[in-house]
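Engineer: So here's target-v2.cif, just mmCIF, N, CA and C atoms:
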```
data_coords
loop_
_atom_site.label_atom_id
_atom_site.label_comp_id
_atom_site.auth_asym_id
_atom_site.auth_seq_id
_atom_site.Cartn_x
_atom_site.Cartn_y
_atom_site.Cartn_z
N VAL C 1 -80.85 14.45 71.26
CA VAL C 1 -81.71 14.93 70.20
C VAL C 1 -82.65 13.80 69.74
N GLU C 2 -82.09 12.60 69.59
CA GLU C 2 -82.93 11.48 69.15
C GLU C 2 -84.06 11.22 70.13
N ARG C 3 -83.73 11.25 71.42
CA ARG C 3 -84.75 11.00 72.46
C ARG C 3 -85.84 12.07 72.40
N LEU C 4 -85.44 13.34 72.28
CA LEU C 4 -86.41 14.43 72.23
C LEU C 4 -87.29 14.33 70.99
N PHE C 5 -86.69 13.92 69.85
CA PHE C 5 -87.46 13.76 68.62
C PHE C 5 -88.46 12.61 68.77
N SER C 6 -88.00 11.48 69.30
CA SER C 6 -88.89 10.33 69.43
C SER C 6 -90.01 10.59 70.44
N GLN C 7 -89.78 11.51 71.39
CA GLN C 7 -90.83 11.87 72.36
C GLN C 7 -91.77 12.94 71.80
N GLY C 8 -91.45 13.48 70.62
CA GLY C 8 -92.31 14.49 70.02
C GLY C 8 -92.02 15.90 70.47
N LEU C 9 -90.98 16.10 71.28
CA LEU C 9 -90.64 17.43 71.76
C LEU C 9 -89.92 18.25 70.69
N ILE C 10 -89.21 17.57 69.80
CA ILE C 10 -88.64 18.21 68.62
C ILE C 10 -89.45 17.71 67.43
N LYS C 11 -89.99 18.63 66.64
CA LYS C 11 -90.90 18.26 65.56
C LYS C 11 -90.20 18.02 64.22
N VAL C 12 -89.03 18.65 64.02
CA VAL C 12 -88.32 18.54 62.75
C VAL C 12 -86.86 18.21 63.04
N LEU C 13 -86.34 17.25 62.31
CA LEU C 13 -84.94 16.86 62.44
C LEU C 13 -84.30 16.98 61.07
N VAL C 14 -83.23 17.75 60.97
CA VAL C 14 -82.52 17.95 59.71
C VAL C 14 -81.14 17.31 59.87
N SER C 15 -80.74 16.53 58.87
CA SER C 15 -79.45 15.86 58.97
C SER C 15 -78.79 15.76 57.61
N THR C 16 -77.51 15.46 57.64
CA THR C 16 -76.78 15.17 56.41
C THR C 16 -77.16 13.76 55.94
N ALA C 17 -76.80 13.44 54.73
CA ALA C 17 -77.10 12.09 54.20
C ALA C 17 -76.41 11.04 55.05
N THR C 18 -75.17 11.29 55.45
CA THR C 18 -74.43 10.32 56.26
C THR C 18 -75.15 10.05 57.57
N LEU C 19 -75.60 11.10 58.22
CA LEU C 19 -76.31 10.93 59.49
C LEU C 19 -77.66 10.25 59.27
N ALA C 20 -78.31 10.56 58.17
CA ALA C 20 -79.62 9.96 57.89
C ALA C 20 -79.53 8.45 57.76
N TRP C 21 -78.41 7.94 57.24
CA TRP C 21 -78.25 6.49 57.12
C TRP C 21 -78.12 5.85 58.49
N GLY C 22 -77.54 6.57 59.45
CA GLY C 22 -77.30 6.00 60.77
C GLY C 22 -78.41 6.23 61.77
N VAL C 23 -79.29 7.17 61.49
CA VAL C 23 -80.37 7.48 62.42
C VAL C 23 -81.48 6.46 62.25
N ASN C 24 -81.94 5.91 63.34
CA ASN C 24 -83.01 4.91 63.28
C ASN C 24 -84.24 5.46 63.98
N LEU C 25 -84.76 6.56 63.46
CA LEU C 25 -85.92 7.20 64.07
C LEU C 25 -87.10 7.16 63.11
N PRO C 26 -88.26 6.74 63.59
CA PRO C 26 -89.44 6.80 62.74
C PRO C 26 -89.90 8.24 62.57
N ALA C 27 -90.46 8.53 61.42
CA ALA C 27 -90.98 9.87 61.15
C ALA C 27 -92.24 9.74 60.31
N HIS C 28 -93.06 10.75 60.32
CA HIS C 28 -94.24 10.73 59.46
C HIS C 28 -93.85 11.11 58.03
N ALA C 29 -92.96 12.10 57.90
CA ALA C 29 -92.54 12.57 56.58
C ALA C 29 -91.02 12.64 56.53
N VAL C 30 -90.47 12.26 55.37
CA VAL C 30 -89.04 12.34 55.14
C VAL C 30 -88.83 13.10 53.83
N ILE C 31 -87.93 14.05 53.87
CA ILE C 31 -87.61 14.84 52.67
C ILE C 31 -86.12 14.67 52.37
N ILE C 32 -85.83 14.29 51.14
CA ILE C 32 -84.44 14.23 50.68
C ILE C 32 -84.24 15.46 49.80
N LYS C 33 -83.42 16.39 50.30
CA LYS C 33 -83.15 17.63 49.57
C LYS C 33 -81.80 17.50 48.89
N GLY C 34 -81.85 17.20 47.61
CA GLY C 34 -80.61 17.01 46.86
C GLY C 34 -80.28 15.54 46.76
N THR C 35 -79.90 15.11 45.59
CA THR C 35 -79.68 13.68 45.35
C THR C 35 -78.24 13.36 44.99
N GLN C 36 -77.33 14.26 45.32
CA GLN C 36 -75.93 13.98 45.06
C GLN C 36 -75.14 14.04 46.36
N ILE C 37 -74.20 13.11 46.48
CA ILE C 37 -73.29 13.08 47.62
C ILE C 37 -71.87 13.00 47.08
N TYR C 38 -70.92 13.42 47.89
CA TYR C 38 -69.53 13.39 47.46
C TYR C 38 -68.95 12.00 47.68
N ASP C 39 -68.38 11.43 46.65
CA ASP C 39 -67.73 10.13 46.72
C ASP C 39 -66.23 10.36 46.80
N VAL C 40 -65.66 10.08 47.95
CA VAL C 40 -64.23 10.33 48.19
C VAL C 40 -63.37 9.50 47.25
N LYS C 41 -63.76 8.24 47.02
CA LYS C 41 -62.95 7.37 46.15
C LYS C 41 -62.88 7.90 44.72
N LYS C 42 -63.99 8.44 44.22
CA LYS C 42 -64.04 8.95 42.85
C LYS C 42 -63.61 10.42 42.77
N GLY C 43 -63.67 11.11 43.89
CA GLY C 43 -63.29 12.52 43.91
C GLY C 43 -64.29 13.43 43.24
N LEU C 44 -65.56 13.03 43.25
CA LEU C 44 -66.60 13.85 42.64
C LEU C 44 -67.96 13.53 43.25
N PHE C 45 -68.95 14.35 42.90
CA PHE C 45 -70.31 14.12 43.39
C PHE C 45 -70.98 13.05 42.53
N VAL C 46 -71.71 12.15 43.20
CA VAL C 46 -72.43 11.08 42.51
C VAL C 46 -73.87 11.07 42.99
N ASP C 47 -74.73 10.47 42.20
CA ASP C 47 -76.13 10.36 42.58
C ASP C 47 -76.31 9.37 43.71
N ILE C 48 -77.22 9.68 44.61
CA ILE C 48 -77.57 8.74 45.68
C ILE C 48 -78.22 7.53 45.02
N GLY C 49 -77.84 6.35 45.43
CA GLY C 49 -78.41 5.12 44.88
C GLY C 49 -79.84 4.93 45.34
N ILE C 50 -80.60 4.20 44.56
CA ILE C 50 -82.01 3.97 44.88
C ILE C 50 -82.19 3.21 46.18
N LEU C 51 -81.26 2.32 46.51
CA LEU C 51 -81.37 1.59 47.78
C LEU C 51 -81.23 2.53 48.96
N ASP C 52 -80.36 3.53 48.82
CA ASP C 52 -80.21 4.53 49.89
C ASP C 52 -81.47 5.38 50.00
N VAL C 53 -82.03 5.76 48.86
CA VAL C 53 -83.27 6.54 48.87
C VAL C 53 -84.37 5.74 49.57
N CYS C 54 -84.50 4.48 49.22
CA CYS C 54 -85.53 3.63 49.83
C CYS C 54 -85.30 3.45 51.33
N GLN C 55 -84.04 3.32 51.74
CA GLN C 55 -83.75 3.16 53.17
C GLN C 55 -84.13 4.43 53.93
N ILE C 56 -83.79 5.59 53.38
CA ILE C 56 -84.14 6.84 54.04
C ILE C 56 -85.65 7.02 54.05
N PHE C 57 -86.32 6.74 52.95
CA PHE C 57 -87.78 6.82 52.90
C PHE C 57 -88.44 5.83 53.84
N GLY C 58 -87.75 4.73 54.12
CA GLY C 58 -88.30 3.71 55.01
C GLY C 58 -88.52 4.19 56.43
N ARG C 59 -87.96 5.33 56.77
CA ARG C 59 -88.19 5.92 58.10
C ARG C 59 -89.61 6.48 58.23
N ALA C 60 -90.24 6.78 57.10
CA ALA C 60 -91.56 7.42 57.11
C ALA C 60 -92.68 6.39 57.24
N GLY C 61 -93.58 6.64 58.16
CA GLY C 61 -94.79 5.84 58.28
C GLY C 61 -94.58 4.42 58.73
N ARG C 62 -93.72 4.20 59.67
CA ARG C 62 -93.53 2.83 60.18
C ARG C 62 -94.81 2.37 60.87
N PRO C 63 -95.24 1.14 60.56
CA PRO C 63 -96.55 0.65 61.01
C PRO C 63 -96.78 0.74 62.52
N GLN C 64 -95.76 0.52 63.32
CA GLN C 64 -95.96 0.54 64.77
C GLN C 64 -96.10 1.97 65.31
N PHE C 65 -95.81 3.00 64.46
CA PHE C 65 -95.87 4.38 64.93
C PHE C 65 -96.87 5.24 64.18
N ASP C 66 -97.27 4.83 62.96
CA ASP C 66 -98.08 5.71 62.12
C ASP C 66 -98.93 4.87 61.17
N THR C 67 -100.00 5.45 60.66
CA THR C 67 -100.86 4.73 59.73
C THR C 67 -100.37 4.86 58.28
N HIS C 68 -99.63 5.92 57.99
CA HIS C 68 -99.02 6.08 56.67
C HIS C 68 -97.84 7.05 56.79
N GLY C 69 -97.06 7.13 55.75
CA GLY C 69 -95.91 8.03 55.74
C GLY C 69 -95.79 8.71 54.40
N GLU C 70 -94.97 9.74 54.38
CA GLU C 70 -94.76 10.50 53.15
C GLU C 70 -93.28 10.65 52.89
N GLY C 71 -92.88 10.46 51.65
CA GLY C 71 -91.50 10.65 51.23
C GLY C 71 -91.46 11.63 50.08
N THR C 72 -90.60 12.63 50.20
CA THR C 72 -90.45 13.63 49.15
C THR C 72 -88.98 13.70 48.76
N ILE C 73 -88.75 13.72 47.47
CA ILE C 73 -87.38 13.83 46.98
C ILE C 73 -87.28 15.10 46.14
N ILE C 74 -86.31 15.93 46.48
CA ILE C 74 -86.08 17.17 45.74
C ILE C 74 -84.78 16.99 44.97
N THR C 75 -84.89 17.05 43.66
CA THR C 75 -83.72 16.83 42.81
C THR C 75 -83.77 17.79 41.63
N THR C 76 -82.72 17.78 40.83
CA THR C 76 -82.69 18.64 39.65
C THR C 76 -83.62 18.09 38.58
N HIS C 77 -84.04 18.94 37.70
CA HIS C 77 -85.00 18.54 36.66
C HIS C 77 -84.46 17.40 35.80
N ASP C 78 -83.16 17.43 35.51
CA ASP C 78 -82.59 16.38 34.64
C ASP C 78 -82.52 15.02 35.33
N LYS C 79 -82.62 14.97 36.66
CA LYS C 79 -82.60 13.70 37.40
C LYS C 79 -84.00 13.21 37.76
N LEU C 80 -84.99 14.03 37.54
CA LEU C 80 -86.36 13.70 37.95
C LEU C 80 -86.85 12.39 37.36
N SER C 81 -86.73 12.23 36.05
CA SER C 81 -87.23 11.00 35.41
C SER C 81 -86.45 9.78 35.89
N HIS C 82 -85.16 9.96 36.15
CA HIS C 82 -84.32 8.86 36.65
C HIS C 82 -84.87 8.33 37.97
N TYR C 83 -85.11 9.22 38.93
CA TYR C 83 -85.60 8.78 40.24
C TYR C 83 -87.05 8.32 40.18
N LEU C 84 -87.86 8.93 39.34
CA LEU C 84 -89.25 8.45 39.20
C LEU C 84 -89.28 7.02 38.68
N SER C 85 -88.46 6.73 37.67
CA SER C 85 -88.47 5.37 37.13
C SER C 85 -87.92 4.37 38.15
N LEU C 86 -86.90 4.77 38.90
CA LEU C 86 -86.35 3.86 39.90
C LEU C 86 -87.33 3.59 41.04
N LEU C 87 -88.07 4.61 41.44
CA LEU C 87 -88.99 4.45 42.56
C LEU C 87 -90.29 3.73 42.18
N THR C 88 -90.62 3.71 40.91
CA THR C 88 -91.89 3.11 40.51
C THR C 88 -91.76 1.71 39.90
N ARG C 89 -90.56 1.20 39.81
CA ARG C 89 -90.39 -0.18 39.34
C ARG C 89 -89.34 -0.86 40.19
N GLN C 90 -89.46 -2.16 40.26
CA GLN C 90 -88.52 -2.92 41.08
C GLN C 90 -87.19 -3.09 40.36
N GLN C 91 -86.13 -2.91 41.11
CA GLN C 91 -84.79 -3.14 40.60
C GLN C 91 -84.19 -4.30 41.40
N PRO C 92 -83.54 -5.24 40.73
CA PRO C 92 -82.88 -6.30 41.49
C PRO C 92 -81.72 -5.73 42.30
N ILE C 93 -81.51 -6.27 43.45
CA ILE C 93 -80.40 -5.84 44.30
C ILE C 93 -79.18 -6.66 43.90
N GLU C 94 -78.12 -5.97 43.51
CA GLU C 94 -76.90 -6.64 43.10
C GLU C 94 -75.89 -6.63 44.24
N SER C 95 -75.01 -7.59 44.24
CA SER C 95 -73.98 -7.71 45.26
C SER C 95 -72.92 -6.63 45.09
N GLN C 96 -72.41 -6.14 46.19
CA GLN C 96 -71.32 -5.17 46.18
C GLN C 96 -70.00 -5.82 46.62
N LEU C 97 -70.01 -7.13 46.78
CA LEU C 97 -68.84 -7.85 47.27
C LEU C 97 -67.63 -7.68 46.36
N THR C 98 -67.85 -7.47 45.07
CA THR C 98 -66.71 -7.34 44.15
C THR C 98 -65.80 -6.18 44.55
N GLU C 99 -66.36 -5.16 45.20
CA GLU C 99 -65.56 -4.00 45.60
C GLU C 99 -64.57 -4.34 46.72
N SER C 100 -64.87 -5.37 47.50
CA SER C 100 -63.98 -5.72 48.62
C SER C 100 -63.68 -7.21 48.67
N LEU C 101 -63.84 -7.88 47.54
CA LEU C 101 -63.65 -9.33 47.50
C LEU C 101 -62.25 -9.74 47.95
N ILE C 102 -61.23 -9.04 47.49
CA ILE C 102 -59.85 -9.40 47.84
C ILE C 102 -59.65 -9.29 49.35
N ASP C 103 -60.12 -8.19 49.94
CA ASP C 103 -59.97 -8.01 51.39
C ASP C 103 -60.72 -9.09 52.17
N CYS C 104 -61.93 -9.40 51.74
CA CYS C 104 -62.74 -10.41 52.44
C CYS C 104 -62.09 -11.79 52.34
N LEU C 105 -61.64 -12.14 51.16
CA LEU C 105 -61.01 -13.45 50.98
C LEU C 105 -59.69 -13.52 51.76
N ASN C 106 -58.92 -12.44 51.76
CA ASN C 106 -57.68 -12.41 52.55
C ASN C 106 -57.98 -12.57 54.04
N ALA C 107 -59.06 -11.98 54.51
CA ALA C 107 -59.44 -12.14 55.91
C ALA C 107 -59.77 -13.59 56.23
N GLU C 108 -60.48 -14.26 55.33
CA GLU C 108 -60.81 -15.68 55.53
C GLU C 108 -59.55 -16.54 55.52
N ILE C 109 -58.61 -16.19 54.65
CA ILE C 109 -57.34 -16.92 54.61
C ILE C 109 -56.56 -16.70 55.91
N SER C 110 -56.53 -15.46 56.39
CA SER C 110 -55.83 -15.15 57.65
C SER C 110 -56.44 -15.87 58.83
N LEU C 111 -57.76 -16.00 58.82
CA LEU C 111 -58.45 -16.71 59.90
C LEU C 111 -58.28 -18.22 59.82
N GLY C 112 -57.86 -18.70 58.66
CA GLY C 112 -57.68 -20.13 58.49
C GLY C 112 -58.92 -20.85 58.01
N THR C 113 -59.99 -20.13 57.72
CA THR C 113 -61.20 -20.78 57.22
C THR C 113 -61.08 -21.16 55.76
N VAL C 114 -60.19 -20.48 55.03
CA VAL C 114 -59.92 -20.82 53.64
C VAL C 114 -58.43 -21.11 53.54
N THR C 115 -58.11 -22.37 53.18
CA THR C 115 -56.70 -22.76 53.09
C THR C 115 -56.33 -23.32 51.72
N THR C 116 -57.34 -23.60 50.89
CA THR C 116 -57.06 -24.13 49.55
C THR C 116 -57.94 -23.41 48.53
N ILE C 117 -57.61 -23.60 47.28
CA ILE C 117 -58.43 -23.00 46.22
C ILE C 117 -59.84 -23.58 46.25
N GLU C 118 -59.94 -24.86 46.52
CA GLU C 118 -61.26 -25.50 46.59
C GLU C 118 -62.11 -24.86 47.71
N GLU C 119 -61.48 -24.60 48.85
CA GLU C 119 -62.21 -23.96 49.95
C GLU C 119 -62.60 -22.53 49.60
N ALA C 120 -61.75 -21.85 48.84
CA ALA C 120 -62.07 -20.49 48.39
C ALA C 120 -63.29 -20.51 47.47
N VAL C 121 -63.32 -21.47 46.57
CA VAL C 121 -64.47 -21.61 45.67
C VAL C 121 -65.73 -21.93 46.46
N GLN C 122 -65.62 -22.82 47.43
CA GLN C 122 -66.75 -23.16 48.28
C GLN C 122 -67.22 -21.94 49.07
N TRP C 123 -66.28 -21.17 49.65
CA TRP C 123 -66.62 -19.96 50.40
C TRP C 123 -67.37 -18.98 49.51
N LEU C 124 -66.88 -18.79 48.30
CA LEU C 124 -67.54 -17.88 47.36
C LEU C 124 -68.95 -18.36 47.02
N SER C 125 -69.15 -19.67 46.96
CA SER C 125 -70.47 -20.20 46.60
C SER C 125 -71.52 -19.94 47.68
N TYR C 126 -71.09 -19.54 48.88
CA TYR C 126 -72.03 -19.21 49.96
C TYR C 126 -72.45 -17.74 49.96
N THR C 127 -71.90 -16.95 49.04
CA THR C 127 -72.15 -15.51 49.06
C THR C 127 -73.33 -15.13 48.16
N TYR C 128 -73.85 -13.93 48.44
CA TYR C 128 -74.90 -13.37 47.60
C TYR C 128 -74.35 -13.04 46.21
N LEU C 129 -73.06 -12.72 46.13
CA LEU C 129 -72.43 -12.47 44.84
C LEU C 129 -72.58 -13.69 43.94
N TYR C 130 -72.35 -14.86 44.47
CA TYR C 130 -72.48 -16.10 43.69
C TYR C 130 -73.91 -16.27 43.17
N VAL C 131 -74.87 -16.00 44.03
CA VAL C 131 -76.29 -16.12 43.64
C VAL C 131 -76.60 -15.17 42.48
N ARG C 132 -76.16 -13.91 42.62
CA ARG C 132 -76.45 -12.92 41.60
C ARG C 132 -75.63 -13.15 40.32
N LEU C 133 -74.41 -13.66 40.45
CA LEU C 133 -73.61 -13.97 39.27
C LEU C 133 -74.32 -14.99 38.39
N LYS C 134 -74.93 -15.98 39.02
CA LYS C 134 -75.63 -17.01 38.25
C LYS C 134 -76.88 -16.43 37.58
N MET C 135 -77.54 -15.49 38.26
CA MET C 135 -78.79 -14.95 37.72
C MET C 135 -78.58 -13.80 36.75
N ASN C 136 -77.52 -13.00 36.95
CA ASN C 136 -77.32 -11.80 36.14
C ASN C 136 -75.83 -11.56 35.89
N PRO C 137 -75.17 -12.43 35.13
CA PRO C 137 -73.72 -12.30 34.93
C PRO C 137 -73.32 -11.00 34.23
N LEU C 138 -74.19 -10.44 33.40
CA LEU C 138 -73.85 -9.21 32.69
C LEU C 138 -73.61 -8.04 33.65
N ALA C 139 -74.28 -8.04 34.79
CA ALA C 139 -74.10 -6.97 35.77
C ALA C 139 -72.70 -6.97 36.36
N TYR C 140 -72.00 -8.08 36.21
CA TYR C 140 -70.66 -8.22 36.78
C TYR C 140 -69.60 -8.34 35.69
N GLY C 141 -69.96 -7.96 34.46
CA GLY C 141 -69.00 -7.95 33.38
C GLY C 141 -68.71 -9.30 32.76
N ILE C 142 -69.60 -10.25 32.96
CA ILE C 142 -69.41 -11.59 32.40
C ILE C 142 -70.54 -11.84 31.39
N ASN C 143 -70.17 -12.18 30.16
CA ASN C 143 -71.24 -12.46 29.21
C ASN C 143 -71.63 -13.94 29.34
N TYR C 144 -72.75 -14.28 28.76
CA TYR C 144 -73.30 -15.63 28.92
C TYR C 144 -72.42 -16.72 28.30
N ARG C 145 -71.58 -16.35 27.38
CA ARG C 145 -70.73 -17.34 26.72
C ARG C 145 -69.56 -17.75 27.60
N GLN C 146 -69.15 -16.90 28.55
CA GLN C 146 -68.00 -17.22 29.40
C GLN C 146 -68.43 -18.19 30.40
#
```
Once you've parsed the file, please lay out its structure as structure tokens.
Structural biologist:
Amino acid sequence: VERLFSQGLIKVLVSTATLAWGVNLPAHAVIIKGTQIYDVKKGLFVDIGILDVCQIFGRAGRPQFDTHGEGTIITTHDKLSHYLSLLTRQQPIESQLTESLIDCLNAEISLGTVTTIEEAVQWLSYTYLYVRLKMNPLAYGINYRQ
């Protein structure tokens, strides 16, 4: 299907959000129909994050294939202003390492790259989490006084 789409033999490709993240096909237009996905960990539907929206929209109008692209988002009326504000202003990208920090650090310990507390601190200082913690501690639950 991907080959036929990239050759122009298939004009429209419809996919789930999960598939859309994995598909690396340029398109002239991208439409996101619905802005909620099911989060298994939370057991409920959650809004698609702006980074995911931007990644999916990034398929539209790639310079090597097209002169411009179009992105359309279809959402509920109560979410409209939320997505408009997110798409029209820059948001800093925050680290997601806190969600898997224990697993990552345990992997480094198992590999033998981290054997002391000092090495763990040094390892952490090489991460994007460390960079963002210094710039925006409130995003990680740390106030400036701590």
Engineer: Tell me which of C:Ile109, C:Val12, C:Leu129, C:Ile73 sits closest to Thr35 of chain C, counting all atoms listed in the file.
Structural biologist: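 Using all atoms listed in the file, the shortest distance to Thr35 of chain C belongs to C:Ile73.
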Engineer: Would you please extract all strand (DSSP E or B) residues from chain C, as assigned by DSSP on the backbone, and give them as an NGL selection string?
Structural biologist: :C and (27 or 29-33 or 36-39 or 44-47 or 60 or 70-74)
Engineer: Which of chain C end up as alpha helix (DSSP H) when DSSP is run on this backbone - answer as a VMD selection string?
Structural biologist: chain C and resid 2 to 6 17 to 22 50 to 57 77 to 88 101 to 111 117 to 125 128 to 135
Engineer: I need the output of the PyMOL selection byres (((chain C and resi 56 and name CA) around 12) and name CA) for this file as a JSON list (two decimals) with N, CA and C atoms, in the coordinates of the input; which residues are they?
Structural biologist:
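Once written, expr-v4.json looks like this:
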```json
[["chain", "number", "residue", "atom", "x", "y", "z"],
["C", 15, "SER", "N", -80.74, 16.53, 58.87],
["C", 15, "SER", "CA", -79.45, 15.86, 58.97],
["C", 15, "SER", "C", -78.79, 15.76, 57.61],
["C", 16, "THR", "N", -77.51, 15.46, 57.64],
["C", 16, "THR", "CA", -76.78, 15.17, 56.41],
["C", 16, "THR", "C", -77.16, 13.76, 55.94],
["C", 17, "ALA", "N", -76.80, 13.44, 54.73],
["C", 17, "ALA", "CA", -77.10, 12.09, 54.20],
["C", 17, "ALA", "C", -76.41, 11.04, 55.05],
["C", 18, "THR", "N", -75.17, 11.29, 55.45],
["C", 18, "THR", "CA", -74.43, 10.32, 56.26],
["C", 18, "THR", "C", -75.15, 10.05, 57.57],
["C", 19, "LEU", "N", -75.60, 11.10, 58.22],
["C", 19, "LEU", "CA", -76.31, 10.93, 59.49],
["C", 19, "LEU", "C", -77.66, 10.25, 59.27],
["C", 20, "ALA", "N", -78.31, 10.56, 58.17],
["C", 20, "ALA", "CA", -79.62, 9.96, 57.89],
["C", 20, "ALA", "C", -79.53, 8.45, 57.76],
["C", 21, "TRP", "N", -78.41, 7.94, 57.24],
["C", 21, "TRP", "CA", -78.25, 6.49, 57.12],
["C", 21, "TRP", "C", -78.12, 5.85, 58.49],
["C", 22, "GLY", "N", -77.54, 6.57, 59.45],
["C", 22, "GLY", "CA", -77.30, 6.00, 60.77],
["C", 22, "GLY", "C", -78.41, 6.23, 61.77],
["C", 23, "VAL", "N", -79.29, 7.17, 61.49],
["C", 23, "VAL", "CA", -80.37, 7.48, 62.42],
["C", 23, "VAL", "C", -81.48, 6.46, 62.25],
["C", 24, "ASN", "N", -81.94, 5.91, 63.34],
["C", 24, "ASN", "CA", -83.01, 4.91, 63.28],
["C", 24, "ASN", "C", -84.24, 5.46, 63.98],
["C", 25, "LEU", "N", -84.76, 6.56, 63.46],
["C", 25, "LEU", "CA", -85.92, 7.20, 64.07],
["C", 25, "LEU", "C", -87.10, 7.16, 63.11],
["C", 26, "PRO", "N", -88.26, 6.74, 63.59],
["C", 26, "PRO", "CA", -89.44, 6.80, 62.74],
["C", 26, "PRO", "C", -89.90, 8.24, 62.57],
["C", 27, "ALA", "N", -90.46, 8.53, 61.42],
["C", 27, "ALA", "CA", -90.98, 9.87, 61.15],
["C", 27, "ALA", "C", -92.24, 9.74, 60.31],
["C", 29, "ALA", "N", -92.96, 12.10, 57.90],
["C", 29, "ALA", "CA", -92.54, 12.57, 56.58],
["C", 29, "ALA", "C", -91.02, 12.64, 56.53],
["C", 30, "VAL", "N", -90.47, 12.26, 55.37],
["C", 30, "VAL", "CA", -89.04, 12.34, 55.14],
["C", 30, "VAL", "C", -88.83, 13.10, 53.83],
["C", 31, "ILE", "N", -87.93, 14.05, 53.87],
["C", 31, "ILE", "CA", -87.61, 14.84, 52.67],
["C", 31, "ILE", "C", -86.12, 14.67, 52.37],
["C", 32, "ILE", "N", -85.83, 14.29, 51.14],
["C", 32, "ILE", "CA", -84.44, 14.23, 50.68],
["C", 32, "ILE", "C", -84.24, 15.46, 49.80],
["C", 33, "LYS", "N", -83.42, 16.39, 50.30],
["C", 33, "LYS", "CA", -83.15, 17.63, 49.57],
["C", 33, "LYS", "C", -81.80, 17.50, 48.89],
["C", 35, "THR", "N", -79.90, 15.11, 45.59],
["C", 35, "THR", "CA", -79.68, 13.68, 45.35],
["C", 35, "THR", "C", -78.24, 13.36, 44.99],
["C", 48, "ILE", "N", -77.22, 9.68, 44.61],
["C", 48, "ILE", "CA", -77.57, 8.74, 45.68],
["C", 48, "ILE", "C", -78.22, 7.53, 45.02],
["C", 49, "GLY", "N", -77.84, 6.35, 45.43],
["C", 49, "GLY", "CA", -78.41, 5.12, 44.88],
["C", 49, "GLY", "C", -79.84, 4.93, 45.34],
["C", 50, "ILE", "N", -80.60, 4.20, 44.56],
["C", 50, "ILE", "CA", -82.01, 3.97, 44.88],
["C", 50, "ILE", "C", -82.19, 3.21, 46.18],
["C", 51, "LEU", "N", -81.26, 2.32, 46.51],
["C", 51, "LEU", "CA", -81.37, 1.59, 47.78],
["C", 51, "LEU", "C", -81.23, 2.53, 48.96],
["C", 52, "ASP", "N", -80.36, 3.53, 48.82],
["C", 52, "ASP", "CA", -80.21, 4.53, 49.89],
["C", 52, "ASP", "C", -81.47, 5.38, 50.00],
["C", 53, "VAL", "N", -82.03, 5.76, 48.86],
["C", 53, "VAL", "CA", -83.27, 6.54, 48.87],
["C", 53, "VAL", "C", -84.37, 5.74, 49.57],
["C", 54, "CYS", "N", -84.50, 4.48, 49.22],
["C", 54, "CYS", "CA", -85.53, 3.63, 49.83],
["C", 54, "CYS", "C", -85.30, 3.45, 51.33],
["C", 55, "GLN", "N", -84.04, 3.32, 51.74],
["C", 55, "GLN", "CA", -83.75, 3.16, 53.17],
["C", 55, "GLN", "C", -84.13, 4.43, 53.93],
["C", 57, "PHE", "N", -86.32, 6.74, 52.95],
["C", 57, "PHE", "CA", -87.78, 6.82, 52.90],
["C", 57, "PHE", "C", -88.44, 5.83, 53.84],
["C", 58, "GLY", "N", -87.75, 4.73, 54.12],
["C", 58, "GLY", "CA", -88.30, 3.71, 55.01],
["C", 58, "GLY", "C", -88.52, 4.19, 56.43],
["C", 59, "ARG", "N", -87.96, 5.33, 56.77],
["C", 59, "ARG", "CA", -88.19, 5.92, 58.10],
["C", 59, "ARG", "C", -89.61, 6.48, 58.23],
["C", 60, "ALA", "N", -90.24, 6.78, 57.10],
["C", 60, "ALA", "CA", -91.56, 7.42, 57.11],
["C", 60, "ALA", "C", -92.68, 6.39, 57.24],
["C", 61, "GLY", "N", -93.58, 6.64, 58.16],
["C", 61, "GLY", "CA", -94.79, 5.84, 58.28],
["C", 61, "GLY", "C", -94.58, 4.42, 58.73],
["C", 62, "ARG", "N", -93.72, 4.20, 59.67],
["C", 62, "ARG", "CA", -93.53, 2.83, 60.18],
["C", 62, "ARG", "C", -94.81, 2.37, 60.87],
["C", 69, "GLY", "N", -97.06, 7.13, 55.75],
["C", 69, "GLY", "CA", -95.91, 8.03, 55.74],
["C", 69, "GLY", "C", -95.79, 8.71, 54.40],
["C", 70, "GLU", "N", -94.97, 9.74, 54.38],
["C", 70, "GLU", "CA", -94.76, 10.50, 53.15],
["C", 70, "GLU", "C", -93.28, 10.65, 52.89],
["C", 71, "GLY", "N", -92.88, 10.46, 51.65],
["C", 71, "GLY", "CA", -91.50, 10.65, 51.23],
["C", 71, "GLY", "C", -91.46, 11.63, 50.08],
["C", 72, "THR", "N", -90.60, 12.63, 50.20],
["C", 72, "THR", "CA", -90.45, 13.63, 49.15],
["C", 72, "THR", "C", -88.98, 13.70, 48.76],
["C", 73, "ILE", "N", -88.75, 13.72, 47.47],
["C", 73, "ILE", "CA", -87.38, 13.83, 46.98],
["C", 73, "ILE", "C", -87.28, 15.10, 46.14]]
```
Engineer: For a test of reading the model, state the distance in Å between atom N of Ala139 of chain C and atom N of Thr98 of chain C, rounded to one decimal.
Structural biologist: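 Computing the Euclidean distance for atom N of Ala139 of chain C and atom N of Thr98 of chain C yields 12.1 Å.
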Engineer: Give as a count of residues only the residues that the PyMOL selection byres (((chain C and resi 37 and name CA) around 9) and name CA) matches when applied to the coordinates above.
Structural biologist: 11
Engineer: Hey, can you check how far atom CA of Ser100 of chain C sits from atom CA of Leu87 of chain C?
Structural biologist: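 One can read the atom CA of Ser100 of chain C to atom CA of Leu87 of chain C distance as 27.7 Å.
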Engineer: To one decimal place in Å, what is the distance between atom N of Thr67 of chain C and atom CA of His28 of chain C?
Structural biologist: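 A separation of 7.9 Å between them.
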Engineer: Would you compute an axis-aligned box for segment 71-84 of chain C, covering every atom listed for it in the file with 4 Å of margin on each side, and report centre and edge lengths in Å to one decimal as lines of an AutoDock Vina configuration file?
Structural biologist:
```
center_x = -87.7
center_y = 13.0
center_z = 43.1
size_x = 18.4
size_y = 19.9
size_z = 25.0
```
